[in-house]
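Report on the following structure.
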2 protein chains.
Amino acid sequence: MDLDYRNIKIDKTKIDYLFNEGKAKIYIKRDDLIGFSFGGNKVRIAAEIFEEIRRKGYTAVISYGSYASNLNRVIAQMACYYGIKCYIVCKQEKDFRTTANMKLAEYSGAEYIYCDVLGVRESIEKAIRISESRGERPYYVYGNSLGEGNEEVLLRAYKKAYNEIKNYSDKNEIHFDSIYLASGTGMTQAGLIAGRYENKGKEEIRGISVARKAVEAKKAIVRNLVNGKIFEASDIEMLNPLEMIKVNDLYLDGGYGFYGEGIADTVKMMVSRFGIALDPVYSGKAFYGMLSEIRKNDLEGSFLFIHTGGMPGFFDFMLK
Amino acid sequence: MDLDYRNIKIDKTKIDYLFNEGKAKIYIKRDDLIGFSFGGNKVRIAAEIFEEIRRKGYTAVISYGSYASNLNRVIAQMACYYGIKCYIVCKQEKDFRTTANMKLAEYSGAEYIYCDVLGVRESIEKAIRISESRGERPYYVYGNSLGEGNEEVLLRAYKKAYNEIKNYSDKNEIHFDSIYLASGTGMTQAGLIAGRYENKGKEEIRGISVARKAVEAKKAIVRNLVNGKIFEASDIEMLNPLEMIKVNDLYLDGGYGFYGEGIADTVKMMVSRFGIALDPVYSGKAFYGMLSEIRKNDLEGSFLFIHTGGMPGFFDFMLK
């Protein structure tokens with residue numbers, strides 16, 4: 001087989017109308033249809049990461065995340081495509097289990113280093129040492145071993161996605177009152193906020209937290225925006241980010257990886273009626289949160305849900 | 001929830017270059033990215049079926065296939081979307097097992113009627129009786145209880161897909177010497193042949209059989225073309241279809257649903273290096289067959305592989 005390693009190009013994804021819920025008109029942006037590694041937000045983010053890696057000549061990549069991490073799977077597959085060695089530092093938390101994402105990363109030859117939640121920094125440093133001892137030049141996706149420093153690169157992905165949304169809005173004369181999405185690390189939401197800021201957009205960007213309390217999630221988004229040089233720390237203080245940034249933590253349902261009947265039923269409804277697979281850990285939790293907010297508050301207007309992918313997690317859910 | 005039952009629109013799918021295998025340049029048409037029900041050829045075919053169903057006012061649909069059938073899953077999900085009752089006649093053959101496709105069809109509320117291979121006709125008739133006794137107007141996807149009569153509708157899907165290929169070829173000045181695809185019922189291949197005939201195209205259309213001996217598969221394609229009014233039976237005889245129609249049965253690997261290491265390794269290679277999921281029952285078997293033919297015969301030219309979907313089957317394979 002003879003590969004010429006073309007750059008993986010992220011195609012624009014479509015926006016479709018789904019249904020009305022009361023007075024709310026719900027649309028969906030199909031980032032799950034990006035044609036590499038089952039799609040999703042992490043493919044956009046990984047494409048930015050690998051552009052840096054290849055431009056700067058790194059020869060290994062280190063990713064970090066939990067057992068259900070979509071980022072880890074995508075980084076492993078993209079590393080395999082470009083012929084770059086991949087290490088994954090994986091957090092073993094209480095509900096730890098083997099997932100389709102982990103199996104896919106292993107297919108791609110990624111090397112796993114497990115750690116507990118307190119040993120993340122040490123494990124990242126260990127991965128860097130192992131890689132360097134093998135004569136590689138490793139690139140850690142989040143920057144330094146504290147997970148900071150690479151925000152500018154990571155934010156680019158959803159700044160670009162915001163532009164796609166804006167182009168759709170302009171072309172179709174549909175203004176979205178709110179954009180909903182799953183909020184985990186806060187990187188996707190921060191990217192959208194950065195895109196809106198640069199475009200002077202008016203949409204409310206509303207994260208449904210899948211793991212953290214709202215205040216922690218908001219602080220992470222602020223950190224991303226400041227480190228990503230979108231705002232100065234002093235601007236952020238002026239803006240009162242804990243008011244301005246919207247994250248809802250009412251749908252944690254027991255925390256990361258856990259979910260109740262409402263989320264499970266939403267995932268089943270979406271796949272059986274609309275042929276769209278959400279996963280209960282991220283996108284399904286967020287879609288359920290959005291629908292619940294609309295119902296509870298009888299919201300009206302046009303709502304755009306960003307489908308951030310997670311197809312392997314859907315099959316974990318269904319085939320478990 | 002308030003649905004206005006918009007027609008499910010099949011978006012054009014992209015063609016990407018994959019890699020060179022010796023002197024062969026391999027491209028892929030990503031029908032797996034059609035944004036309903038995990039994509040694939042059966043979504044195109046189902047969209048044609050439901051256009052008929054809704055235009056003619058049927059209130060129930062009957063599908064037929066094996067345990068791994070992608071058609072059954074798509075028909076069930078599309079029926080659920082349009083609010084139409086769905087019955088599935090499912091063949092219980094020797095390697096019968098529960099699949100992700102069956103679970104998805106059940107999520108969508110499809111009613112299963114099991115039969116053995118000899119009782120297909122009786123079971124279709126039984127499904128029609130049950131449906132009519134409930135006051136419904138059932139539509140059987142293949143026509144009459146012998147599975148004939150609806151070819152004109154079914155062929156439309158890949159006549160249209162052929163046009164997409166032609167447009168790509170014209171626009172990019174890339175002529176495909178061969179188009180490869182999985183050959184099961186022969187409907188997809190017959191549709192492509194019909195499209196090529198109407199466009200006076202020159203590509204060799206090569207099916208890799210996933211279940212039947214080549215002579216049986218070719219006869220099925222001839223039947224589809226004659227019943228679909230593409231050729232007259234007399235034309236077909238003149239054309240010598242058993243020579244003209246290309247189906248290769250060297251990669252059956254034990255028959256329908258079975259596969260050896262070569263197919264399994266091909267499925268793993270494609271997902272780990274290219275982020276593309278094939279399934280070992282249909283598309284993975286066909287891709288393996290195409291690669292084997294290219295290697296064995298040192299073929300040269302431009303080859304287009306039609307990715308006919310089967311994502312749920314990929315996860316059956318990986319998570320089994």
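Identifiers in this document derive from the order of the structure tokens: chains are assigned A, B, ..., residues are numbered from 1 separately in each chain, and ligands are numbered from 1 in order of occurrence.
Applying a distance limit of 6 Å to only C-alpha atoms, the residues of chain B near chain A read B:Met1, B:Asp2, B:Leu3, B:Phe19, B:Asn20, B:Glu21, B:Leu33, B:Phe36, B:Ser37, B:Gln77, B:Cys80, B:Tyr81, B:Tyr107, B:Ser108, B:Ser272, B:Arg273, B:Gly275.
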Go ahead and write the residues just picked, N, CA, C and O atoms, as a short mmCIF file (atom, residue, chain, number, x, y, z; two decimals), in the first residue's frame.
```
data_model
loop_
_atom_site.label_atom_id
_atom_site.label_comp_id
_atom_site.auth_asym_id
_atom_site.auth_seq_id
_atom_site.Cartn_x
_atom_site.Cartn_y
_atom_site.Cartn_z
N MET B 1 -43.90 16.56 20.73
CA MET B 1 -43.10 16.69 19.52
C MET B 1 -44.01 16.81 18.31
O MET B 1 -45.01 16.14 18.20
N ASP B 2 -43.62 17.68 17.42
CA ASP B 2 -44.50 18.05 16.33
C ASP B 2 -43.71 17.90 15.03
O ASP B 2 -42.80 18.67 14.74
N LEU B 3 -44.07 16.86 14.29
CA LEU B 3 -43.31 16.53 13.09
C LEU B 3 -44.09 16.94 11.86
O LEU B 3 -45.28 16.69 11.79
N PHE B 19 -5.82 5.34 -1.55
CA PHE B 19 -4.40 5.01 -1.62
C PHE B 19 -4.11 4.28 -2.93
O PHE B 19 -5.05 3.92 -3.65
N ASN B 20 -2.83 4.12 -3.20
CA ASN B 20 -2.44 3.31 -4.37
C ASN B 20 -2.08 1.91 -3.90
O ASN B 20 -1.40 1.74 -2.89
N GLU B 21 -2.55 0.94 -4.65
CA GLU B 21 -2.17 -0.45 -4.38
C GLU B 21 -1.47 -0.92 -5.65
O GLU B 21 -2.13 -1.20 -6.66
N LEU B 33 -21.90 7.82 4.50
CA LEU B 33 -22.09 9.10 5.19
C LEU B 33 -23.47 9.72 4.94
O LEU B 33 -23.73 10.84 5.36
N PHE B 36 -28.87 9.44 7.41
CA PHE B 36 -30.04 8.82 8.04
C PHE B 36 -29.72 7.35 8.27
O PHE B 36 -29.18 6.68 7.37
N SER B 37 -30.02 6.87 9.47
CA SER B 37 -29.92 5.44 9.75
C SER B 37 -28.55 4.84 9.40
O SER B 37 -28.48 3.78 8.81
N GLN B 77 -36.59 2.00 10.46
CA GLN B 77 -36.39 3.36 10.96
C GLN B 77 -37.14 4.39 10.11
O GLN B 77 -37.71 5.34 10.64
N CYS B 80 -40.75 4.29 10.97
CA CYS B 80 -40.98 4.97 12.25
C CYS B 80 -40.99 6.49 12.05
O CYS B 80 -41.83 7.19 12.61
N TYR B 81 -40.10 6.98 11.21
CA TYR B 81 -40.05 8.42 10.93
C TYR B 81 -41.37 8.89 10.32
O TYR B 81 -41.92 9.92 10.70
N TYR B 107 -36.05 -1.27 18.20
CA TYR B 107 -36.23 0.07 18.80
C TYR B 107 -37.30 0.85 18.05
O TYR B 107 -38.05 1.62 18.63
N SER B 108 -37.31 0.68 16.72
CA SER B 108 -38.24 1.46 15.90
C SER B 108 -39.63 0.85 15.86
O SER B 108 -40.50 1.32 15.14
N SER B 272 -8.54 1.45 11.27
CA SER B 272 -7.44 1.99 12.07
C SER B 272 -6.60 2.99 11.29
O SER B 272 -6.12 3.95 11.84
N ARG B 273 -6.44 2.77 9.98
CA ARG B 273 -5.60 3.68 9.20
C ARG B 273 -6.38 4.79 8.50
O ARG B 273 -5.84 5.85 8.24
N GLY B 275 -9.88 5.49 9.27
CA GLY B 275 -11.05 5.95 10.01
C GLY B 275 -12.35 5.63 9.30
O GLY B 275 -13.33 6.36 9.44
#
```
Need the shell around Ile15 in chain B: protein/DNA/RNA residues with any atom at most 10 Å away, counting only C-alpha atoms. Skip same-chain ones fewer than 2 positions apart. Format as a compact mmCIF listing (two decimals) with N, CA and C atoms, in the first residue's frame?
```
# COMPACT_ATOMS: atom_id res chain seq x y z
N LYS B 12 -26.15 14.07 -1.92
CA LYS B 12 -25.05 13.49 -2.71
C LYS B 12 -23.91 13.15 -1.77
N THR B 13 -23.21 12.05 -2.04
CA THR B 13 -22.09 11.70 -1.17
C THR B 13 -20.78 11.93 -1.91
N TYR B 17 -10.10 10.07 -2.73
CA TYR B 17 -8.97 9.19 -3.04
C TYR B 17 -8.54 8.51 -1.75
N LEU B 18 -8.23 7.21 -1.82
CA LEU B 18 -7.77 6.49 -0.62
C LEU B 18 -6.27 6.22 -0.64
N TYR B 27 -10.20 4.81 -5.13
CA TYR B 27 -11.10 5.85 -4.64
C TYR B 27 -12.27 5.19 -3.92
N ILE B 28 -12.97 5.98 -3.12
CA ILE B 28 -14.12 5.44 -2.40
C ILE B 28 -15.28 6.43 -2.47
N LYS B 29 -16.46 5.90 -2.73
CA LYS B 29 -17.67 6.74 -2.68
C LYS B 29 -18.32 6.52 -1.33
N ARG B 30 -18.46 7.60 -0.55
CA ARG B 30 -18.83 7.47 0.85
C ARG B 30 -20.35 7.46 1.07
N ASP B 31 -21.03 6.46 0.51
CA ASP B 31 -22.47 6.34 0.77
C ASP B 31 -22.75 6.00 2.23
N GLU B 164 -24.25 10.56 -10.05
CA GLU B 164 -23.31 11.30 -9.19
C GLU B 164 -21.86 10.95 -9.56
N ILE B 165 -21.64 9.66 -9.82
CA ILE B 165 -20.29 9.23 -10.19
C ILE B 165 -19.88 9.87 -11.51
N TYR B 168 -18.99 13.46 -11.04
CA TYR B 168 -17.66 13.58 -10.43
C TYR B 168 -16.58 13.34 -11.48
N SER B 169 -16.77 12.30 -12.28
CA SER B 169 -15.78 11.98 -13.32
C SER B 169 -15.61 13.14 -14.31
N LEU B 304 -12.99 2.60 -8.32
CA LEU B 304 -13.90 3.24 -7.35
C LEU B 304 -14.61 2.16 -6.55
N PHE B 305 -14.46 2.23 -5.24
CA PHE B 305 -15.20 1.32 -4.37
C PHE B 305 -16.41 2.05 -3.82
N ILE B 306 -17.60 1.42 -3.97
CA ILE B 306 -18.81 2.02 -3.39
C ILE B 306 -18.93 1.53 -1.95
N HIS B 307 -18.82 2.45 -1.02
CA HIS B 307 -19.02 2.06 0.38
C HIS B 307 -20.53 1.99 0.63
```
Length of the CA of Gly309 in chain A to CA of Leu181 in chain A vector [Å]
10.8 Å
Quick one: distance from CA of Glu151 in chain B to CA of Ala46 in chain B in Å, one decimal?
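We find that CA of Glu151 in chain B and CA of Ala46 in chain B lie 12.6 Å from each other.
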From range 93-225 of chain B, collect each residue whose DSSP state is alpha helix (DSSP H) and return the set as a PyMOL selection string.
chain B and resi 100-107+120-133+151-172+187-199+214-225
Can you pull out the residues contacting range 117-126 of chain A? Cut-off 10 Å, using only C-alpha atoms, and skip same-chain residues under 4 positions away; I want them as a PyMOL selection string.
chain A and resi 62-66+87-94+113+130-132+140+144-147
